[in-house]
Each structure stands twice: as C-alpha cells, then as structure tokens.
Amino acid sequence: MAIREGDQAPAFTLPSSEGGEWSLEAQRGRKVVVYFYPKDSTPGCTTEAQDFRDARAMLEKHNALVVGISKDSIASHQKFCAAQSLNFPLLSDPEGKVLEAYGAWGEKKMYGKTSMGVIRSTVVVDEEGKIQKIFPKVRVQGHVAAVLQALASLG
C-alpha cells in the first residue's frame with residue numbers, strides 16, 4: 001500500500017547515529033522532514049546531507065527537524081556524520097521495513113539494468129503525525145530548497 005499526502009505517517013523507531021533509538025512518535029509537536037537515501041559517503045548522498053545540514057536554521061524557522069534513513073550501519077552513519085559535520089541524526093534500517101512502509105524501496109533502473117534499491121525520496125510529516133508532502137524520486141540539485149518552499153507554503 002502506497003502512502004499518500006494526508007495519511008497518518010507510518011510509525012517507526014530505529015537506531016540513531018546519535019546513540020540510542022529515534023522514534024517518529026516522540027517528535028509530535030514538530031514537523032519532521034524524513035529523507036531516504038541510498039548510501040553514506042557517495043557523491044549525491046553527500047551533497048544532499050550537506051544541503052540539509054546547511055539548511056538547519058531555515059528548517060527550525062518552520063518548526064521542522066530533519067532525519068535521514070538508509071540501510072547503512074550505525075558505524076557507517078557515525079563516520080559519515082563526523083566527516084560531513086552533520087547536525088541531524090541518520091537512522092539505520094538494515095532490513096528496509098521503514099523504507100518499504102514509505103515507498104522508498106523498489107525497482108530502480110541504472111545503465112539499462114533493473115535492480116532493487118533505495119528510491120531517493122522525502123516525506124514531510126506534520127506536528128500531528130500526518131503526511132503533509134511527499135517528494136518521490138528526488139533529484140538532489142535544488143531539493144532542499146523545494147522542501148523549504150513546501151514548508152513555507154504548508155504553514
């Protein structure tokens with residue numbers, strides 16, 4: 001079942017790069033930008049993480065925080081966070097259950113070959129836990145600006 005704008009966001013709790021576990025439910029009262037990405041320390045994923053890092057003050061103006069999710073291990077996330085001075089948590093979903101629940105796992109085509117993998121996408125969850133905006137099949141360039149624009153228009 002695909003998620004849709006207006007739906008209740010699927011609840012999840014995952015291990016965090018900042019230690020312990022991170023729960024979407026615990027974030028009620030704030031908007032949460034959940035972005036799904038393929039792999040730590042790869043060019044597109046690094047650019048996307050840096051863009052979210054650099055937008056922290058603007059996100060906070062909209063009462064929003066950001067969290068990234070991939071299948072990478074916590075050790076990989078911690079190394080990536082340190083190398084890029086990331087100011088938000090990265091969550092590990094090695095089994096891909098959250099990726100699947102949010103439609104961020106599926107068939108991808110690259111160089112004419114089809115494989116299963118993480119579909120770069122972003123979901124904005126409102127203060128009550130409802131999905132406000134979905135960005136499917138994200139292109140990194142200009143994406144964070146589009147997220148900020150959506151947050152401004154959503155209020």
# chains A, B, ... in the order shown; residues from 1 in each chain; ligands from 1
>>> residues_around(residues="A:Val118", least_positions_apart="2", cutoff="7 Å", atoms="only C-alpha atoms", output="ChimeraX atom specification")
/A:37-38,104-106,120
>>> write_last_selection(atoms="N, CA and C atoms", output="PDB file, in the first residue's frame")
ATOM      1  N   TYR A  37      17.751   7.855   1.538  1.00  0.00           N
ATOM      2  CA  TYR A  37      18.862   7.972   0.593  1.00  0.00           C
ATOM      3  C   TYR A  37      19.577   6.627   0.474  1.00  0.00           C
ATOM      4  N   PRO A  38      20.261   6.401  -0.662  1.00  0.00           N
ATOM      5  CA  PRO A  38      20.852   5.086  -0.912  1.00  0.00           C
ATOM      6  C   PRO A  38      22.068   4.707  -0.065  1.00  0.00           C
ATOM      7  N   ALA A 104       9.983   3.864  -0.264  1.00  0.00           N
ATOM      8  CA  ALA A 104      11.344   4.277  -0.643  1.00  0.00           C
ATOM      9  C   ALA A 104      12.228   3.077  -1.008  1.00  0.00           C
ATOM     10  N   TRP A 105      11.618   1.930  -1.218  1.00  0.00           N
ATOM     11  CA  TRP A 105      12.349   0.740  -1.648  1.00  0.00           C
ATOM     12  C   TRP A 105      11.615   0.183  -2.859  1.00  0.00           C
ATOM     13  N   GLY A 106      12.358  -0.091  -3.906  1.00  0.00           N
ATOM     14  CA  GLY A 106      11.698  -0.641  -5.086  1.00  0.00           C
ATOM     15  C   GLY A 106      12.646  -0.808  -6.254  1.00  0.00           C
ATOM     16  N   ARG A 120      15.494   7.435  -3.737  1.00  0.00           N
ATOM     17  CA  ARG A 120      15.725   8.694  -3.032  1.00  0.00           C
ATOM     18  C   ARG A 120      14.399   9.473  -2.990  1.00  0.00           C
TER      19      ARG A 120
END
>>> select_by_dssp(residues="chain A", states="helix (DSSP H, G or I)", output="ChimeraX atom specification")
/A:25-27,43-54,56-61,74-84,97-101,143-154
>>> write_last_selection(atoms="N, CA and C atoms", output="compact mmCIF listing (two decimals), in the first residue's frame")
# COMPACT_ATOMS: atom_id res chain seq x y z
N GLU A 25 7.20 8.98 16.61
CA GLU A 25 6.14 9.31 17.57
C GLU A 25 6.62 10.34 18.61
N ALA A 26 7.88 10.24 19.01
CA ALA A 26 8.43 11.14 20.03
C ALA A 26 8.61 12.57 19.51
N GLN A 27 8.44 12.78 18.21
CA GLN A 27 8.65 14.10 17.62
C GLN A 27 7.36 14.91 17.48
N PRO A 43 28.62 10.46 -3.75
CA PRO A 43 28.53 11.87 -4.15
C PRO A 43 27.15 12.51 -3.97
N GLY A 44 26.09 11.91 -4.51
CA GLY A 44 24.75 12.51 -4.40
C GLY A 44 24.26 12.55 -2.97
N CYS A 45 24.51 11.50 -2.23
CA CYS A 45 24.05 11.43 -0.83
C CYS A 45 24.82 12.42 0.05
N THR A 46 26.08 12.62 -0.26
CA THR A 46 26.88 13.60 0.49
C THR A 46 26.35 15.00 0.22
N THR A 47 26.09 15.34 -1.03
CA THR A 47 25.56 16.66 -1.37
C THR A 47 24.22 16.89 -0.69
N GLU A 48 23.34 15.89 -0.73
CA GLU A 48 22.02 16.03 -0.11
C GLU A 48 22.15 16.25 1.39
N ALA A 49 23.01 15.47 2.05
CA ALA A 49 23.21 15.61 3.50
C ALA A 49 23.78 17.00 3.84
N GLN A 50 24.74 17.47 3.05
CA GLN A 50 25.32 18.80 3.28
C GLN A 50 24.26 19.89 3.11
N ASP A 51 23.40 19.73 2.11
CA ASP A 51 22.35 20.73 1.88
C ASP A 51 21.38 20.78 3.06
N PHE A 52 21.00 19.61 3.58
CA PHE A 52 20.12 19.59 4.76
C PHE A 52 20.85 20.18 5.97
N ARG A 53 22.13 19.84 6.13
CA ARG A 53 22.94 20.39 7.23
C ARG A 53 22.93 21.93 7.16
N ASP A 54 23.18 22.46 5.98
CA ASP A 54 23.29 23.91 5.82
C ASP A 54 21.95 24.63 5.96
N ARG A 56 19.68 23.98 8.30
CA ARG A 56 19.12 23.75 9.64
C ARG A 56 18.39 24.98 10.21
N ALA A 57 19.00 26.15 10.11
CA ALA A 57 18.36 27.35 10.67
C ALA A 57 17.02 27.63 9.98
N MET A 58 16.97 27.44 8.67
CA MET A 58 15.71 27.67 7.94
C MET A 58 14.67 26.62 8.31
N LEU A 59 15.10 25.38 8.50
CA LEU A 59 14.18 24.33 8.93
C LEU A 59 13.59 24.67 10.30
N GLU A 60 14.46 25.12 11.21
CA GLU A 60 14.00 25.47 12.55
C GLU A 60 12.99 26.61 12.53
N LYS A 61 13.12 27.54 11.58
CA LYS A 61 12.14 28.64 11.46
C LYS A 61 10.75 28.10 11.16
N ILE A 74 24.98 1.77 11.73
CA ILE A 74 25.20 2.91 12.61
C ILE A 74 26.66 3.34 12.53
N ALA A 75 27.60 2.40 12.48
CA ALA A 75 29.03 2.76 12.37
C ALA A 75 29.29 3.57 11.11
N SER A 76 28.70 3.16 10.00
CA SER A 76 28.84 3.90 8.75
C SER A 76 28.23 5.30 8.88
N HIS A 77 27.04 5.37 9.48
CA HIS A 77 26.37 6.67 9.69
C HIS A 77 27.22 7.59 10.55
N GLN A 78 27.79 7.06 11.61
CA GLN A 78 28.59 7.89 12.51
C GLN A 78 29.82 8.44 11.80
N LYS A 79 30.46 7.62 11.00
CA LYS A 79 31.62 8.06 10.23
C LYS A 79 31.22 9.15 9.23
N PHE A 80 30.09 8.95 8.55
CA PHE A 80 29.57 9.92 7.57
C PHE A 80 29.21 11.23 8.27
N CYS A 81 28.53 11.15 9.41
CA CYS A 81 28.15 12.36 10.17
C CYS A 81 29.40 13.15 10.58
N ALA A 82 30.41 12.45 11.07
CA ALA A 82 31.64 13.11 11.51
C ALA A 82 32.36 13.76 10.34
N ALA A 83 32.46 13.05 9.23
CA ALA A 83 33.17 13.57 8.05
C ALA A 83 32.50 14.80 7.47
N GLN A 84 31.15 14.85 7.56
CA GLN A 84 30.40 15.96 6.95
C GLN A 84 29.87 16.97 7.98
N LYS A 97 12.43 -2.19 6.45
CA LYS A 97 10.99 -2.17 6.77
C LYS A 97 10.40 -0.75 6.68
N VAL A 98 11.14 0.24 7.18
CA VAL A 98 10.66 1.63 7.12
C VAL A 98 10.73 2.13 5.67
N LEU A 99 11.81 1.78 4.99
CA LEU A 99 11.94 2.14 3.57
C LEU A 99 10.73 1.63 2.79
N GLU A 100 10.35 0.38 3.03
CA GLU A 100 9.19 -0.20 2.33
C GLU A 100 7.90 0.50 2.73
N ALA A 101 7.72 0.76 4.02
CA ALA A 101 6.49 1.40 4.50
C ALA A 101 6.27 2.77 3.87
N HIS A 143 16.82 20.20 -4.26
CA HIS A 143 15.80 19.50 -3.48
C HIS A 143 15.52 20.16 -2.13
N VAL A 144 16.56 20.50 -1.39
CA VAL A 144 16.35 21.09 -0.07
C VAL A 144 15.62 22.43 -0.20
N ALA A 145 15.93 23.20 -1.22
CA ALA A 145 15.20 24.46 -1.47
C ALA A 145 13.72 24.17 -1.70
N ALA A 146 13.40 23.10 -2.42
CA ALA A 146 12.00 22.74 -2.66
C ALA A 146 11.32 22.31 -1.37
N VAL A 147 12.03 21.61 -0.49
CA VAL A 147 11.48 21.22 0.80
C VAL A 147 11.18 22.47 1.64
N LEU A 148 12.12 23.42 1.66
CA LEU A 148 11.90 24.65 2.42
C LEU A 148 10.72 25.45 1.87
N GLN A 149 10.60 25.46 0.55
CA GLN A 149 9.46 26.16 -0.08
C GLN A 149 8.15 25.49 0.32
N ALA A 150 8.13 24.17 0.33
CA ALA A 150 6.93 23.44 0.74
C ALA A 150 6.59 23.72 2.20
N LEU A 151 7.59 23.73 3.07
CA LEU A 151 7.35 24.03 4.48
C LEU A 151 6.75 25.43 4.65
N ALA A 152 7.26 26.39 3.88
CA ALA A 152 6.73 27.76 3.96
C ALA A 152 5.28 27.83 3.50
N SER A 153 4.95 27.09 2.45
CA SER A 153 3.57 27.15 1.92
C SER A 153 2.60 26.32 2.77
N LEU A 154 3.11 25.30 3.46
CA LEU A 154 2.24 24.46 4.27
C LEU A 154 1.91 25.11 5.63
>>> atom_distance(atom1="atom CA of A:Lys133", atom2="atom CA of A:Ser115")
26.7 Å
>>> closest_residue(among="A:Glu128, A:Lys137, A:Gly19, A:Gly155", to="A:Gly6", atoms="only C-alpha atoms")
A:Glu128
